[in-house]
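> Have a look at this one.
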Number of protein chains: 2
Amino acid sequence: MSTVKNPRTPATEVRANLIAAARQLLEREGSDALTVRGVAAEAGVAPMGVYNHFDGKDGLLDAVVTDGFREFGTRIAATDSDAAARLLAAGRNYRAFALDYPRLYELMFSTKCTPDDEVATGAFGVLVDIIRYGQAANLIMAGDPDSLAAQVWACVHGAMSLELAESQPPFLDPAENYEHLLLLVARGIAA
Amino acid sequence: MSTVKNPRTPATEVRANLIAAARQLLEREGSDALTVRGVAAEAGVAPMGVYNHFDGKDGLLDAVVTDGFREFGTRIAATDSDAAARLLAAGRNYRAFALDYPRLYELMFSTKCTPDDEVATGAFGVLVDIIRYGQAANLIMAGDPDSLAAQVWACVHGAMSLELAESQPPFLDPAENYEHLLLLVARGIAA
DNA sequence: CATTTTTGTAGGACAGTGTTCTACTCCAAT
DNA sequence: ATTGGAGTAGAACACTGTCCTACAAAAATG
């Protein structure tokens with residue numbers, strides 16, 4: 001009978017709790033489950049927190065994808081000293097992240113969300129640095145590293161986007177096909 | 001004061017009208033405007049038509065993306081006798097379609113919709129045929145045409161997905177970058 | 001041509017959504 | 001110790017997908 005009042009969440013944790021709850025809910029139950037009331041309940045927070053700490057639901061989702069890009073940047077980094085190995089490793093790290101958080105990955109690249117520009121650029125910069133490293137080793141053709149990175153990014157993103165949407169021919173093995181794609185890209189940007 | 005009753009739409013037209021209305025509304029006002037009531041009003045049809053002719057809103061959207069894939073297949077086809085020119089032309093046709101119907105294109109490749117398998121496979125087959133034509137001309141490397149087509153498709157899809165989401169560095173010219181990407185792909189699958 | 005069945009429209013209803021408002025209460029800094 | 005900011009609770013609004021009933025018109029049947 002007695003409806004107990006929930007304990008109050010410290011102000012400094014509300015924001016982080018909401019982002020973490022949204023990410024959990026997104027992967028566990030899909031993007032349809034990302035409701036203001038649902039995320040707040042998952043975070044143990046009042047729905048109003050979404051409006052006090054973010055610019056409504058859209059603002060929360062923007063914060064979620066920004067958080068995703070921050071993690072993405074650290075995940076795709078590779079440190080192999082061999083330039084070719086580093087490029088391949090980064091490509092595989094890219095796929096591993098997308099497979100770990102498929103729904104977040106889709107949200108990150110959908111037109112519904114706008115991640116913080118600096119953070120997104122940071123993740124892109126990781127790839128640019130790998131391209132530069134390959135150019136220094138004379139593995140990758142000369143040219144604007146940003147442009148080359150954008151092309152490489154497009155190829156791997158397209159592969160993961162299609163794999164996650166199951167838009168690829170079902171008789172092709174996704175992992176095998178992705179490895180072939182990485183080789184295609186390597187040939188395409190070879191010096 | 002007097003609410004006039006709308007004329008009744010012939011049964012054979014309701015379905016096509018709803019799909020056409022959804023496509024118009026989608027491009028004109030964005031995916032948020034794709035409500036059952038909104039589409040029905042745009043089509044001059046009662047909302048119940050969405051449930052009589054489709055499996056609810058999701059069924060209507062599936063029909064919309066299937067319609068999109070049908071048109072897509074005809075649009076990307078290229079007939080240049082030179083194999084390299086045909087491949088390039090198809091790549092440019094691909095981009096032209098995505099730029100003509102950006103919101104439909106995003107919907108077609110989102111996880112929310114499932115196009116009719118046969119139709120989607122048909123569009124993919126257009127690219128497979130172009131790959132085969134290039135192999136016959138000894139322009140493209142030997143290997144499974146389906147696998148090669150899937151890789152090429154991934155690259156161009158990724159480029160358009162990023163361009164439409166404005167996820168590319170703003171200082172790069174999209175058209176120019178896309179041309180570079182087509183050359184990258186051509187080198188990657190060259191014999 | 002007359003009758004019956006199918007199928008569109010009208011309009012209301014339901015639960016769930018994003019969003020905003022008010023009231024209350026607790027934590028923290030002055 | 002008091003005050004003000006910031007959390008919760010809960011109601012309210014318009015809008016969403018979905019379903020239901022009632023009625024009328026088109027289409028198929030005789």
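FYI, nothing fancy with the structure tokens labels: chains A, B, ... in order, residues from 1 per chain, ligands from 1 as they appear.
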Taking only C-alpha atoms (C1' of nucleotides) into account, which residues of chain D are within 12 Å of chain A, as a PyMOL selection string?

chain D and resi 5-10

> Could you give me, as JSON lines, every chain D residue with an atom at most 12 Å from region 12-29 of chain C, plus its closest atom pair and distance in Å to one decimal, counting only C-alpha atoms (C1' of nucleotides), rows ordered by chain then number?


{"residue": "D:DT2", "atom": "C1'", "partner": "C:DA29", "partner_atom": "C1'", "distance": 10.7}
{"residue": "D:DT3", "atom": "C1'", "partner": "C:DA29", "partner_atom": "C1'", "distance": 9.3}
{"residue": "D:DG4", "atom": "C1'", "partner": "C:DA29", "partner_atom": "C1'", "distance": 9.2}
{"residue": "D:DG5", "atom": "C1'", "partner": "C:DA28", "partner_atom": "C1'", "distance": 8.7}
{"residue": "D:DA6", "atom": "C1'", "partner": "C:DC27", "partner_atom": "C1'", "distance": 8.4}
{"residue": "D:DG7", "atom": "C1'", "partner": "C:DC26", "partner_atom": "C1'", "distance": 7.5}
{"residue": "D:DT8", "atom": "C1'", "partner": "C:DT25", "partner_atom": "C1'", "distance": 8.0}
{"residue": "D:DA9", "atom": "C1'", "partner": "C:DC24", "partner_atom": "C1'", "distance": 8.2}
{"residue": "D:DG10", "atom": "C1'", "partner": "C:DA23", "partner_atom": "C1'", "distance": 9.2}
{"residue": "D:DA11", "atom": "C1'", "partner": "C:DC21", "partner_atom": "C1'", "distance": 8.6}
{"residue": "D:DA12", "atom": "C1'", "partner": "C:DC21", "partner_atom": "C1'", "distance": 8.0}
{"residue": "D:DC13", "atom": "C1'", "partner": "C:DT20", "partner_atom": "C1'", "distance": 8.4}
{"residue": "D:DA14", "atom": "C1'", "partner": "C:DT19", "partner_atom": "C1'", "distance": 9.5}
{"residue": "D:DC15", "atom": "C1'", "partner": "C:DT17", "partner_atom": "C1'", "distance": 7.9}
{"residue": "D:DT16", "atom": "C1'", "partner": "C:DT17", "partner_atom": "C1'", "distance": 6.7}
{"residue": "D:DG17", "atom": "C1'", "partner": "C:DG16", "partner_atom": "C1'", "distance": 9.2}
{"residue": "D:DT18", "atom": "C1'", "partner": "C:DC14", "partner_atom": "C1'", "distance": 8.6}
{"residue": "D:DC19", "atom": "C1'", "partner": "C:DA13", "partner_atom": "C1'", "distance": 8.5}
{"residue": "D:DC20", "atom": "C1'", "partner": "C:DA13", "partner_atom": "C1'", "distance": 7.9}
{"residue": "D:DT21", "atom": "C1'", "partner": "C:DG12", "partner_atom": "C1'", "distance": 8.8}
{"residue": "D:DA22", "atom": "C1'", "partner": "C:DG12", "partner_atom": "C1'", "distance": 10.9}

> With N, CA and C atoms (P, O5', C5', C4', C3', O3' and C1' of nucleotides) retained, could you export that selection as a tab-separated table (two decimals), in the first residue's frame?


chain	number	residue	atom	x	y	z
D	2	DT	P	17.29	28.18	12.04
D	2	DT	O5'	17.56	28.74	10.57
D	2	DT	C5'	18.39	29.89	10.42
D	2	DT	C4'	18.59	30.21	8.94
D	2	DT	C3'	17.34	30.08	8.07
D	2	DT	O3'	17.26	31.21	7.22
D	2	DT	C1'	19.09	28.77	7.16
D	3	DT	P	15.97	31.47	6.29
D	3	DT	O5'	16.61	31.49	4.83
D	3	DT	C5'	17.94	31.98	4.66
D	3	DT	C4'	18.48	31.48	3.33
D	3	DT	C3'	17.45	31.42	2.20
D	3	DT	O3'	18.04	31.89	1.01
D	3	DT	C1'	18.47	29.31	2.46
D	4	DG	P	17.17	32.30	-0.27
D	4	DG	O5'	17.78	31.39	-1.43
D	4	DG	C5'	19.20	31.32	-1.59
D	4	DG	C4'	19.56	30.12	-2.44
D	4	DG	C3'	18.69	29.96	-3.70
D	4	DG	O3'	19.49	29.41	-4.73
D	4	DG	C1'	18.47	28.05	-2.34
D	5	DG	P	19.13	29.58	-6.26
D	5	DG	O5'	19.81	28.31	-6.95
D	5	DG	C5'	21.06	27.86	-6.47
D	5	DG	C4'	21.08	26.35	-6.36
D	5	DG	C3'	20.60	25.63	-7.63
D	5	DG	O3'	21.52	24.59	-7.93
D	5	DG	C1'	19.42	24.83	-5.75
D	6	DA	P	21.42	23.81	-9.34
D	6	DA	O5'	20.81	22.40	-8.91
D	6	DA	C5'	21.39	21.68	-7.83
D	6	DA	C4'	20.57	20.44	-7.56
D	6	DA	C3'	20.00	19.79	-8.83
D	6	DA	O3'	19.98	18.40	-8.68
D	6	DA	C1'	18.26	20.32	-7.39
D	7	DG	P	20.00	17.43	-10.00
D	7	DG	O5'	18.88	16.32	-9.68
D	7	DG	C5'	19.22	15.22	-8.87
D	7	DG	C4'	18.12	14.97	-7.85
D	7	DG	C3'	16.88	14.27	-8.39
D	7	DG	O3'	17.04	12.85	-8.33
D	7	DG	C1'	16.31	16.05	-6.88
D	8	DT	P	15.95	11.93	-9.08
D	8	DT	O5'	14.62	12.07	-8.22
D	8	DT	C5'	14.56	11.57	-6.89
D	8	DT	C4'	13.16	11.75	-6.34
D	8	DT	C3'	12.08	10.99	-7.13
D	8	DT	O3'	11.35	10.15	-6.25
D	8	DT	C1'	11.47	13.29	-6.82
D	9	DA	P	10.24	9.14	-6.92
D	9	DA	O5'	8.89	9.98	-6.85
D	9	DA	C5'	8.54	10.66	-5.65
D	9	DA	C4'	7.10	11.15	-5.74
D	9	DA	C3'	6.20	10.30	-6.63
D	9	DA	O3'	4.92	10.18	-6.01
D	9	DA	C1'	6.31	12.53	-7.48
D	10	DG	P	3.83	9.14	-6.58
D	10	DG	O5'	2.91	10.08	-7.48
D	10	DG	C5'	2.48	11.32	-6.97
D	10	DG	C4'	1.86	12.16	-8.07
D	10	DG	C3'	1.14	11.35	-9.16
D	10	DG	O3'	-0.12	11.94	-9.37
D	10	DG	C1'	2.55	12.92	-10.13
D	11	DA	P	-1.32	11.13	-10.15
D	11	DA	O5'	-2.08	12.34	-10.88
D	11	DA	C5'	-2.18	13.59	-10.22
D	11	DA	C4'	-2.05	14.72	-11.23
D	11	DA	C3'	-2.93	14.55	-12.47
D	11	DA	O3'	-3.73	15.70	-12.66
D	11	DA	C1'	-0.71	15.08	-13.09
D	12	DA	P	-5.00	15.64	-13.63
D	12	DA	O5'	-4.48	16.32	-14.98
D	12	DA	C5'	-3.97	17.65	-14.92
D	12	DA	C4'	-3.20	17.95	-16.18
D	12	DA	C3'	-3.93	17.57	-17.48
D	12	DA	O3'	-4.37	18.76	-18.12
D	12	DA	C1'	-1.59	16.99	-17.54
D	13	DC	P	-5.35	18.64	-19.41
D	13	DC	O5'	-4.39	18.71	-20.67
D	13	DC	C5'	-3.62	19.87	-20.91
D	13	DC	C4'	-2.68	19.65	-22.07
D	13	DC	C3'	-3.35	18.97	-23.27
D	13	DC	O3'	-3.57	19.94	-24.29
D	13	DC	C1'	-1.23	17.95	-22.75
D	14	DA	P	-4.55	19.58	-25.53
D	14	DA	O5'	-3.54	19.08	-26.65
D	14	DA	C5'	-2.37	19.85	-26.95
D	14	DA	C4'	-1.37	18.99	-27.71
D	14	DA	C3'	-1.94	18.31	-28.97
D	14	DA	O3'	-1.00	18.41	-30.03
D	14	DA	C1'	-1.02	16.68	-27.56
D	15	DC	P	-1.48	18.02	-31.55
D	15	DC	O5'	-0.82	16.58	-31.84
D	15	DC	C5'	0.59	16.40	-31.68
D	15	DC	C4'	0.91	14.94	-31.51
D	15	DC	C3'	0.32	14.00	-32.56
D	15	DC	O3'	1.36	13.51	-33.40
D	15	DC	C1'	0.28	13.07	-30.37
D	16	DT	P	1.03	12.63	-34.72
D	16	DT	O5'	1.33	11.13	-34.24
D	16	DT	C5'	2.66	10.75	-33.88
D	16	DT	C4'	2.65	9.40	-33.21
D	16	DT	C3'	1.93	8.32	-34.00
D	16	DT	O3'	2.81	7.70	-34.90
D	16	DT	C1'	1.45	8.19	-31.64
D	17	DG	P	2.16	6.70	-36.01
D	17	DG	O5'	1.87	5.35	-35.23
D	17	DG	C5'	2.95	4.58	-34.70
D	17	DG	C4'	2.43	3.32	-34.05
D	17	DG	C3'	1.69	2.37	-34.98
D	17	DG	O3'	1.99	1.01	-34.65
D	17	DG	C1'	0.23	3.09	-33.26
D	18	DT	P	1.38	-0.14	-35.55
D	18	DT	O5'	-0.03	-0.44	-34.86
D	18	DT	C5'	-0.06	-0.89	-33.51
D	18	DT	C4'	-1.48	-1.00	-33.03
D	18	DT	C3'	-2.41	-1.79	-33.96
D	18	DT	O3'	-2.71	-3.04	-33.35
D	18	DT	C1'	-3.47	0.14	-33.02
D	19	DC	P	-3.54	-4.15	-34.20
D	19	DC	O5'	-5.04	-3.92	-33.69
D	19	DC	C5'	-5.29	-3.90	-32.29
D	19	DC	C4'	-6.68	-3.34	-32.02
D	19	DC	C3'	-7.80	-4.02	-32.83
D	19	DC	O3'	-8.69	-4.65	-31.92
D	19	DC	C1'	-8.04	-1.64	-32.78
D	20	DC	P	-9.82	-5.69	-32.50
D	20	DC	O5'	-11.19	-4.87	-32.31
D	20	DC	C5'	-11.40	-4.14	-31.11
D	20	DC	C4'	-12.56	-3.17	-31.30
D	20	DC	C3'	-13.67	-3.72	-32.19
D	20	DC	O3'	-14.84	-3.95	-31.42
D	20	DC	C1'	-13.09	-1.44	-32.76
D	21	DT	P	-16.07	-4.79	-32.13
D	21	DT	O5'	-17.12	-3.65	-32.50
D	21	DT	C5'	-17.46	-2.66	-31.54
D	21	DT	C4'	-18.15	-1.49	-32.19
D	21	DT	C3'	-19.31	-1.87	-33.12
D	21	DT	O3'	-20.49	-1.17	-32.73
D	21	DT	C1'	-17.83	-0.35	-34.20
D	22	DA	P	-21.90	-1.60	-33.44
D	22	DA	O5'	-22.13	-0.44	-34.50
D	22	DA	C5'	-21.99	0.93	-34.09
D	22	DA	C4'	-22.08	1.85	-35.30
D	22	DA	C3'	-23.18	1.46	-36.30
D	22	DA	O3'	-23.89	2.63	-36.70
D	22	DA	C1'	-21.10	1.60	-37.41

> Using DSSP secondary structure from the backbone, list all helix (DSSP H, G or I) positions within region 15-146 of chain B, as a ChimeraX atom specification.

/B:15-29,31-33,36-43,49-53,56-76,83-100,102-108,117-136,145-146

> Starting from chain A, keep only residues with some atom at most 9 Å from an atom of chain C, counting only C-alpha atoms (C1' of nucleotides), and report them as a ChimeraX atom specification.

/A:8,10,35-36,51,56-57

> Could you list, as a count of residues only, every residue of chain B that has an atom within 8 Å of an atom of chain A, counting only C-alpha atoms?

34

> I want to know what sits within 10 Å of Ala78 (chain A), based on only C-alpha atoms (C1' of nucleotides), with residues of the same chain fewer than 2 positions away left out; could you give that as a PyMOL selection string?

chain A and resi 74-76+80-81+83+85-93+126-127+130
